[in-house]
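Pasting model-v7.pdb here (PDB, C-alpha atoms and all ligand atoms):
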MODEL        1
ATOM      1  CA  MET X1453      60.896 111.118 108.412
ATOM      2  CA  VAL X1454      60.013 110.537 112.082
ATOM      3  CA  ILE X1455      61.398 107.295 113.493
ATOM      4  CA  LYS X1456      59.242 105.402 115.976
ATOM      5  CA  VAL X1457      61.550 104.378 118.810
ATOM      6  CA  LEU X1458      61.109 102.046 121.770
ATOM      7  CA  ASN X1459      63.557 103.012 124.541
ATOM      8  CA  LEU X1460      63.650 100.172 127.096
ATOM      9  CA  TYR X1461      65.117 100.454 130.631
ATOM     10  CA  ALA X1462      65.294 104.169 129.960
ATOM     11  CA  GLY X1463      66.786 105.590 133.167
ATOM     12  CA  ILE X1464      66.786 109.384 132.853
ATOM     13  CA  GLY X1465      67.512 109.097 129.121
ATOM     14  CA  GLY X1466      71.250 109.566 128.564
ATOM     15  CA  ASN X1467      71.176 107.565 125.328
ATOM     16  CA  ARG X1468      68.101 109.451 124.083
ATOM     17  CA  LYS X1469      69.224 113.003 124.923
ATOM     18  CA  LEU X1470      70.453 114.055 121.458
ATOM     19  CA  TRP X1471      68.060 112.110 119.211
ATOM     20  CA  LYS X1472      66.041 114.243 116.779
ATOM     21  CA  ASN X1473      63.074 113.426 114.519
ATOM     22  CA  VAL X1474      61.915 110.648 116.786
ATOM     23  CA  ASP X1475      58.629 109.565 118.328
ATOM     24  CA  VAL X1476      59.790 107.823 121.512
ATOM     25  CA  THR X1477      58.016 105.401 123.819
ATOM     26  CA  THR X1478      60.027 104.847 126.970
ATOM     27  CA  VAL X1479      59.730 102.058 129.536
ATOM     28  CA  GLU X1480      61.181 102.381 133.039
ATOM     29  CA  ASN X1481      59.951 100.523 136.127
ATOM     30  CA  ASN X1482      61.146 103.008 138.771
ATOM     31  CA  LYS X1483      58.522 105.777 139.067
ATOM     32  CA  GLU X1484      60.908 108.296 140.587
ATOM     33  CA  ILE X1485      63.341 107.866 137.691
ATOM     34  CA  ALA X1486      60.518 107.798 135.125
ATOM     35  CA  ASP X1487      59.264 111.137 136.483
ATOM     36  CA  ILE X1488      62.697 112.715 136.021
ATOM     37  CA  TYR X1489      62.831 111.341 132.458
ATOM     38  CA  LYS X1490      59.414 112.918 131.800
ATOM     39  CA  ASP X1491      60.712 116.313 132.976
ATOM     40  CA  PHE X1492      63.613 116.172 130.523
ATOM     41  CA  PHE X1493      61.646 114.689 127.618
ATOM     42  CA  PRO X1494      58.016 115.848 127.967
ATOM     43  CA  GLU X1495      57.251 114.922 124.361
ATOM     44  CA  ASP X1496      58.022 111.208 124.940
ATOM     45  CA  GLU X1497      55.455 108.681 126.098
ATOM     46  CA  VAL X1498      56.701 107.308 129.426
ATOM     47  CA  ILE X1499      55.370 103.947 130.587
ATOM     48  CA  ILE X1500      56.075 102.603 134.075
ATOM     49  CA  ALA X1501      56.255  98.868 133.491
ATOM     50  CA  ASP X1502      58.521  95.847 133.127
ATOM     51  CA  ALA X1503      60.576  96.542 129.995
ATOM     52  CA  HIS X1504      61.243  92.852 129.290
ATOM     53  CA  GLN X1505      57.545  91.994 129.101
ATOM     54  CA  PHE X1506      56.778  95.197 127.184
ATOM     55  CA  LEU X1507      59.318  94.206 124.532
ATOM     56  CA  LEU X1508      57.635  90.845 124.034
ATOM     57  CA  GLU X1509      54.171  92.361 123.690
ATOM     58  CA  HIS X1510      54.916  95.503 121.640
ATOM     59  CA  PHE X1511      58.087  95.052 119.564
ATOM     60  CA  LYS X1512      56.195  95.038 116.253
ATOM     61  CA  GLU X1513      55.004  98.623 116.767
ATOM     62  CA  PHE X1514      58.432 100.271 116.356
ATOM     63  CA  ASP X1515      61.138 101.103 113.760
ATOM     64  CA  PHE X1516      64.040 101.181 116.207
ATOM     65  CA  ILE X1517      64.483  99.491 119.579
ATOM     66  CA  TRP X1518      67.140 100.370 122.145
ATOM     67  CA  SER X1519      67.363  98.212 125.259
ATOM     68  CA  SER X1520      69.668  98.770 128.265
ATOM     69  CA  PRO X1521      68.902  95.907 130.667
ATOM     70  CA  PRO X1522      70.329  96.235 134.190
ATOM     71  CA  CYS X1523      74.055  95.546 134.196
ATOM     72  CA  GLN X1524      74.839  94.860 137.878
ATOM     73  CA  THR X1525      74.956  91.066 137.608
ATOM     74  CA  HIS X1526      77.346  91.245 134.635
ATOM     75  CA  SER X1527      79.586  93.953 136.047
ATOM     76  CA  GLN X1528      83.345  93.535 136.339
ATOM     77  CA  ILE X1529      83.465  95.831 139.370
ATOM     78  CA  ARG X1530      80.846  93.823 141.248
ATOM     79  CA  GLN X1531      82.432  90.454 140.491
ATOM     80  CA  ASN X1532      86.118  91.306 140.531
ATOM     81  CA  LEU X1533      86.083  93.631 143.525
ATOM     82  CA  ALA X1534      82.912  93.435 145.632
ATOM     83  CA  VAL X1535      82.370  89.666 145.369
ATOM     84  CA  ARG X1536      86.060  88.810 145.394
ATOM     85  CA  PHE X1537      86.678  90.762 148.571
ATOM     86  CA  GLY X1538      83.520  89.561 150.335
ATOM     87  CA  GLN X1539      81.519  92.782 150.161
ATOM     88  CA  ASN X1540      78.728  91.221 148.033
ATOM     89  CA  GLU X1541      77.422  87.684 147.601
ATOM     90  CA  PRO X1542      77.866  86.121 144.160
ATOM     91  CA  VAL X1543      74.698  86.063 142.034
ATOM     92  CA  PHE X1544      73.580  84.457 138.784
ATOM     93  CA  PRO X1545      74.187  86.733 135.796
ATOM     94  CA  ASP X1546      70.776  87.885 134.572
ATOM     95  CA  MET X1547      70.102  86.021 131.339
ATOM     96  CA  GLN X1548      67.293  88.350 130.295
ATOM     97  CA  LEU X1549      70.088  90.235 128.529
ATOM     98  CA  TYR X1550      70.741  87.309 126.183
ATOM     99  CA  GLN X1551      67.032  86.485 125.925
ATOM    100  CA  GLU X1552      66.430  89.936 124.477
ATOM    101  CA  ILE X1553      69.361  89.742 122.057
ATOM    102  CA  ILE X1554      68.257  86.376 120.674
ATOM    103  CA  PHE X1555      64.622  87.468 120.581
ATOM    104  CA  LEU X1556      65.437  90.619 118.606
ATOM    105  CA  GLN X1557      67.835  88.792 116.280
ATOM    106  CA  HIS X1558      65.125  86.379 115.238
ATOM    107  CA  ASN X1559      61.891  88.329 115.422
ATOM    108  CA  PHE X1560      62.349  92.065 114.953
ATOM    109  CA  LYS X1561      62.405  93.481 111.431
ATOM    110  CA  GLY X1562      63.577  97.006 112.312
ATOM    111  CA  LYS X1563      66.930  98.252 113.618
ATOM    112  CA  TRP X1564      67.798  97.302 117.193
ATOM    113  CA  VAL X1565      70.556  97.638 119.737
ATOM    114  CA  VAL X1566      71.048  96.120 123.176
ATOM    115  CA  GLU X1567      73.556  97.915 125.420
ATOM    116  CA  ASN X1568      75.324  96.630 128.480
ATOM    117  CA  THR X1569      78.450  96.919 130.529
ATOM    118  CA  ILE X1570      81.646  95.093 129.557
ATOM    119  CA  ALA X1571      81.138  91.909 131.557
ATOM    120  CA  TYR X1572      83.531  89.944 133.757
ATOM    121  CA  TYR X1573      83.081  86.827 131.585
ATOM    122  CA  LYS X1574      83.540  86.005 127.905
ATOM    123  CA  PRO X1575      80.306  87.089 126.172
ATOM    124  CA  LEU X1576      77.909  84.325 125.134
ATOM    125  CA  ILE X1577      77.175  86.257 121.938
ATOM    126  CA  GLU X1578      79.948  88.419 120.475
ATOM    127  CA  PRO X1579      79.164  92.133 120.976
ATOM    128  CA  GLN X1580      80.592  95.257 119.371
ATOM    129  CA  ASP X1581      82.860  96.969 121.869
ATOM    130  CA  VAL X1582      82.304 100.719 121.485
ATOM    131  CA  GLY X1583      83.001 103.585 123.895
ATOM    132  CA  LYS X1584      83.524 101.308 126.918
ATOM    133  CA  HIS X1585      80.167  99.556 126.474
ATOM    134  CA  TRP X1586      79.131  96.321 124.806
ATOM    135  CA  PHE X1587      76.522  96.649 122.079
ATOM    136  CA  TRP X1588      74.672  93.908 120.240
ATOM    137  CA  SER X1589      72.844  95.158 117.173
ATOM    138  CA  ASN X1590      71.774  94.310 113.641
ATOM    139  CA  PHE X1591      73.827  97.165 112.136
ATOM    140  CA  GLN X1592      77.472  98.094 112.193
ATOM    141  CA  ILE X1593      78.458 100.656 114.781
ATOM    142  CA  LEU X1594      81.343 102.786 113.587
ATOM    143  CA  PRO X1595      84.270 102.958 116.017
ATOM    144  CA  VAL X1596      84.596 106.002 118.283
ATOM    145  CA  LYS X1597      87.625 107.633 119.842
ATOM    146  CA  LYS X1598      88.213 106.461 123.427
ATOM    147  CA  ILE X1599      85.843 108.360 125.678
ATOM    148  CA  SER X1600      86.149 108.944 129.394
ATOM    149  CA  ARG X1601      83.120 107.933 131.479
ATOM    150  CA  ASN X1602      84.569 109.878 134.454
ATOM    151  CA  HIS X1603      82.698 107.663 136.920
ATOM    152  CA  ARG X1604      84.999 108.635 139.757
ATOM    153  CA  GLY X1605      84.191 112.319 139.303
ATOM    154  CA  THR X1606      82.027 114.404 141.633
ATOM    155  CA  ILE X1607      78.256 114.585 141.131
ATOM    156  CA  ALA X1608      78.746 118.025 139.551
ATOM    157  CA  GLU X1609      81.312 116.602 137.125
ATOM    158  CA  LEU X1610      79.061 113.674 136.280
ATOM    159  CA  GLU X1611      76.124 116.017 135.709
ATOM    160  CA  LYS X1612      78.273 118.054 133.336
ATOM    161  CA  ARG X1613      79.634 114.943 131.590
ATOM    162  CA  LYS X1614      76.154 113.489 131.015
ATOM    163  CA  GLY X1615      74.396 116.818 130.482
ATOM    164  CA  PHE X1616      71.729 116.567 133.214
ATOM    165  CA  ASP X1617      71.137 118.958 136.127
ATOM    166  CA  LEU X1618      69.668 116.796 138.904
ATOM    167  CA  SER X1619      69.974 119.378 141.680
ATOM    168  CA  LYS X1620      66.230 119.481 142.394
ATOM    169  CA  TYR X1621      65.794 115.695 142.611
ATOM    170  CA  LYS X1622      66.185 113.400 145.619
ATOM    171  CA  VAL X1623      67.334 110.223 143.823
ATOM    172  CA  ASP X1624      70.775 108.659 144.290
ATOM    173  CA  LYS X1625      72.362 110.972 141.738
ATOM    174  CA  ARG X1626      75.633 109.087 141.454
ATOM    175  CA  ILE X1627      73.907 105.802 140.526
ATOM    176  CA  VAL X1628      71.466 107.450 138.157
ATOM    177  CA  LEU X1629      74.213 109.402 136.404
ATOM    178  CA  ARG X1630      76.583 106.448 136.205
ATOM    179  CA  ASN X1631      73.768 104.454 134.599
ATOM    180  CA  CYS X1632      73.453 107.043 131.831
ATOM    181  CA  VAL X1633      74.937 106.264 128.455
ATOM    182  CA  GLU X1634      76.926 109.294 127.281
ATOM    183  CA  PRO X1635      74.505 111.327 125.106
ATOM    184  CA  GLU X1636      76.998 111.718 122.251
ATOM    185  CA  LEU X1637      77.493 107.942 122.197
ATOM    186  CA  GLY X1638      73.710 107.426 122.153
ATOM    187  CA  LEU X1639      73.512 109.756 119.151
ATOM    188  CA  HIS X1640      76.422 108.045 117.435
ATOM    189  CA  ILE X1641      74.715 104.638 117.755
ATOM    190  CA  PHE X1642      71.428 106.038 116.485
ATOM    191  CA  ASN X1643      73.172 107.660 113.506
ATOM    192  CA  SER X1644      75.048 104.427 112.788
ATOM    193  CA  ALA X1645      71.675 102.667 112.439
ATOM    194  CA  TYR X1646      70.388 105.202 109.958
ATOM    195  CA  LYS X1647      73.479 105.892 107.838
ATOM    196  CA  SER X1648      72.382 105.366 104.247
ATOM    197  CA  VAL X1649      75.507 103.300 103.525
ATOM    198  CA  GLN X1650      74.733 100.929 106.375
ATOM    199  CA  LYS X1651      73.182  97.584 105.688
ATOM    200  CA  THR X1652      71.171  95.625 108.229
ATOM    201  CA  ILE X1653      73.172  92.626 109.409
ATOM    202  CA  VAL X1654      71.018  89.592 108.802
ATOM    203  CA  ASN X1655      73.690  86.965 109.131
ATOM    204  CA  PRO X1656      76.317  86.608 111.860
ATOM    205  CA  PRO X1657      79.440  88.822 111.714
ATOM    206  CA  THR X1658      81.157  89.061 108.381
ATOM    207  CA  SER X1659      84.062  86.814 107.584
ATOM    208  CA  ASN X1660      84.678  88.352 104.180
ATOM    209  CA  PRO X1661      88.495  88.661 104.074
ATOM    210  CA  SER X1662      88.375  91.965 102.179
ATOM    211  CA  ASP X1663      86.419  93.568 105.060
ATOM    212  CA  LEU X1664      89.011  92.358 107.516
ATOM    213  CA  THR X1665      91.803  94.371 105.962
ATOM    214  CA  LEU X1666      90.091  97.682 106.796
ATOM    215  CA  PRO X1667      91.760  99.633 109.620
ATOM    216  CA  SER X1668      88.510  99.475 111.550
ATOM    217  CA  ALA X1669      88.137  95.762 110.882
ATOM    218  CA  LYS X1670      87.679  94.922 114.553
ATOM    219  CA  ALA X1671      84.640  97.141 114.821
ATOM    220  CA  PHE X1672      83.101  96.038 111.537
ATOM    221  CA  ASN X1673      83.901  92.463 112.311
ATOM    222  CA  MET X1674      82.125  92.614 115.671
ATOM    223  CA  GLY X1675      85.163  91.182 117.420
ATOM    224  CA  LEU X1676      85.593  88.122 115.235
ATOM    225  CA  LYS X1677      89.211  87.031 115.441
ATOM    226  CA  VAL X1678      90.801  86.050 112.155
ATOM    227  CA  GLN X1679      94.321  84.699 111.748
ATOM    228  CA  LYS X1680      96.517  87.045 109.756
ATOM    229  CA  SER X1681      97.690  84.245 107.464
ATOM    230  CA  LYS X1682      94.107  83.710 106.349
ATOM    231  CA  ILE X1683      93.705  87.268 105.145
ATOM    232  CA  SER X1684      97.073  87.856 103.461
ATOM    233  CA  SER X1685      97.764  86.360 100.026
ATOM    234  CA  PRO X1686      98.875  82.746 100.216
ATOM    235  CA  LYS X1687     102.511  81.953  99.257
ATOM    236  CA  LEU X1688     102.444  79.977  96.014
ATOM    237  CA  SER X1689     104.983  77.399  94.922
ATOM    238  CA  PRO X1690     106.559  77.907  91.418
ATOM    239  CA  THR X1691     104.337  75.238  89.895
ATOM    240  CA  GLU X1692     101.212  76.942  91.258
ATOM    241  CA  ILE X1693     102.369  80.222  89.704
ATOM    242  CA  THR X1694     102.070  78.691  86.221
ATOM    243  CA  SER X1695      99.041  80.389  84.795
ATOM    244  CA  PRO X1696      96.093  78.269  83.791
ATOM    245  CA  ASN X1697      95.399  80.833  81.063
ATOM    246  CA  PRO X1698      95.774  78.788  77.792
ATOM    247  CA  ASN X1699      97.204  81.763  75.852
ATOM    248  CA  ILE X1700     100.049  82.133  78.309
ATOM    249  CA  MET X1701     100.699  78.376  78.267
ATOM    250  CA  PHE X1702     100.849  78.515  74.461
ATOM    251  CA  ASN X1703     103.353  81.407  74.515
ATOM    252  CA  LYS X1704     105.490  79.508  76.994
ATOM    253  CA  LEU X1705     105.577  76.398  74.762
ATOM    254  CA  LYS X1706     106.521  78.557  71.772
ATOM    255  CA  MET X1707     109.407  80.045  73.791
ATOM    256  CA  LEU X1708     110.689  76.584  74.765
ATOM    257  CA  GLU X1709     110.514  75.386  71.162
ATOM    258  CA  ALA X1710     112.386  78.459  69.926
ATOM    259  CA  ARG X1711     115.144  77.744  72.501
ATOM    260  CA  LYS X1712     115.439  74.106  71.289
ATOM    261  CA  LEU X1713     115.851  75.260  67.670
ATOM    262  CA  LYS X1714     118.760  77.554  68.592
TER     263      LYS X1714
HETATM  264  C1  LIG X1801      71.385 101.125 132.853
HETATM  265  S1  LIG X1801      69.983 102.050 133.291
HETATM  266  C2  LIG X1801      69.520 102.691 131.732
HETATM  267  C3  LIG X1801      70.304 103.844 131.257
HETATM  268  C4  LIG X1801      69.752 104.502 130.027
HETATM  269  N1  LIG X1801      69.827 103.657 128.865
HETATM  270  C5  LIG X1801      70.509 105.799 129.760
HETATM  271  O1  LIG X1801      71.271 105.869 128.783
HETATM  272  O2  LIG X1801      70.335 106.746 130.521
HETATM  273  C6  LIG X1801      68.791 100.814 133.543
HETATM  274  C7  LIG X1801      67.424 101.347 134.032
HETATM  275  O3  LIG X1801      66.500 100.258 133.958
HETATM  276  C8  LIG X1801      65.587 100.356 135.029
HETATM  277  N2  LIG X1801      65.035  98.998 135.190
HETATM  278  C9  LIG X1801      65.558  97.932 135.849
HETATM  279  N3  LIG X1801      64.794  96.852 135.677
HETATM  280  C10 LIG X1801      63.759  97.225 134.899
HETATM  281  C11 LIG X1801      62.645  96.543 134.358
HETATM  282  N4  LIG X1801      62.451  95.245 134.575
HETATM  283  N5  LIG X1801      61.791  97.225 133.576
HETATM  284  C12 LIG X1801      61.978  98.547 133.332
HETATM  285  N6  LIG X1801      63.004  99.254 133.812
HETATM  286  C13 LIG X1801      63.900  98.601 134.586
HETATM  287  C14 LIG X1801      66.419 100.878 136.182
HETATM  288  O4  LIG X1801      65.599 101.558 137.119
HETATM  289  C15 LIG X1801      67.404 101.826 135.470
HETATM  290  O5  LIG X1801      66.924 103.142 135.486
ENDMDL
END
Final structure tokens representation of the file:
Amino acid sequence: MVIKVLNLYAGIGGNRKLWKNVDVTTVENNKEIADIYKDFFPEDEVIIADAHQFLLEHFKEFDFIWSSPPCQTHSQIRQNLAVRFGQNEPVFPDMQLYQEIIFLQHNFKGKWVVENTIAYYKPLIEPQDVGKHWFWSNFQILPVKKISRNHRGTIAELEKRKGFDLSKYKVDKRIVLRNCVEPELGLHIFNSAYKSVQKTIVNPPTSNPSDLTLPSAKAFNMGLKVQKSKISSPKLSPTEITSPNPNIMFNKLKMLEARKLK
């Protein structure tokens, strides 16, 4: 089965690199970057346009939607270092991120995922925290081992890490490569959406206590915090231990009567 995918804010396609059996439409508004994407993925349809507007107009045409809206205005590094130490002016966080999440939650019938950086503020909608990214989706993303993004590495190291040789291109390689989702993480997310055991999440994160006892509860629970006392068995007083089962009550009465007769 070929899955029809919409890949929004595509960059050079780190997330898409290892996907197979897909028919991908990609939207990227920077022509230079879109041209590089086209070189790496000639079979994909590449559209140079505003991804936000494209989502609104075309979402019904796809089985799976991945969106990676720009992360700069949510970034911890920008806020906690550059703004704090006067290198950059503070800016409004770009709420198109949350617009897309809410839009997809309520309108899209397929599988979807929105990816962004781990922000400097408490998220407005609880994400799944996987592989040093935040993901909002309508399926459970299985946890991954801690991965290194190696963002302080050299260009050559970043190229190796992300699996792209950009030597012939003139773009700012460091930015473009840092923007890339690690290909193996992109594949992991895609596979999580299409695991046969997975169910689409229609309602908000589970609060079923039995789910919360799993070792990977945090991931399955999408970050929902549950007090331990609520998930362990309650301590019962001796009167509460008395079984409501009538047969047991009857046996107990018989025992008491037998004692009295003695
Ligand atoms: C975080 S990067 C995407 C990384 C990509 N998901 C990957 O794994 O390689 C975001 C990309 O969105 C592009 N972009 C920013 N605003 C856009 C818009 N309004 N419409 C389309 N693309 C946009 C940027 O040029 C950048 O390449």
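Shortest separation to Ile1570 of chain X among X:Leu1637, X:Val1582, X:Cys1632, X:Ile1593 occurs at residue X:Val1582, atoms counted being all atoms listed in the file.
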Please write out the residues within 8 Å of ligand LIG 1801 (chain X) as an NGL selection string, counting only C-alpha atoms and all ligand atoms.
:X and (1459-1468 or 1479-1482 or 1485-1486 or 1500-1504 or 1518-1523 or 1567-1568 or 1628-1629 or 1631-1635 or 1638)
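Among the candidates X:His1510, X:His1558, X:Ile1607, X:Asn1540, the one nearest to Gln1524 of chain X when counting all atoms listed in the file is X:Asn1540.
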As a check of understanding, name the residues that the PyMOL selection byres (((chain X and resi 1492-1494) around 12) and not hetatm) selects in the supplied structure, as a VMD selection string.
chain X and resid 1462 to 1466 1468 to 1472 1474 to 1478 1485 to 1491 1495 to 1498 1615 to 1618
Run through the PyMOL selection byres (((chain X and resi 1514) around 8) and not hetatm) on the given coordinates and return the selected residues as a PyMOL selection string.
chain X and resi 1456-1458+1510-1513+1515-1517+1562
Top pick for closest residue to Val1596 of chain X, considering X:Ile1627, X:Met1453, X:Leu1639, X:Ala1571 and counting all atoms listed in the file
X:Leu1639
Within 6 Å of segment 1584-1590 of chain X, counting all atoms listed in the file, which residues show up once you throw out same-chain ones fewer than 4 positions away? Write them as JSON, numbers by chain, please.
{"X": [1564, 1565, 1566, 1567, 1568, 1569, 1570, 1579, 1580, 1652, 1653]}
Nearest to Gln1505 of chain X by atom-to-atom distance, counting all atoms listed in the file, from X:Lys1561, X:Pro1575, X:Glu1611, X:Phe1555:
X:Phe1555
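What separates atom CA of Glu1552 of chain X from atom CA of Glu1509 of chain X is a distance of 12.5 Å.
The shortest atom-to-atom distance to Tyr1573 of chain X, with all atoms listed in the file taken into account, belongs to X:Thr1525 out of X:Thr1525, X:Tyr1646, X:Glu1636, X:Lys1622.
The two atoms in question, atom CA of Gln1531 of chain X and atom CA of Leu1549 of chain X, are spaced 17.2 Å apart.
The interatomic distance for the pair atom CA of Lys1597 of chain X and atom CA of Arg1613 of chain X works out to 16.0 Å.
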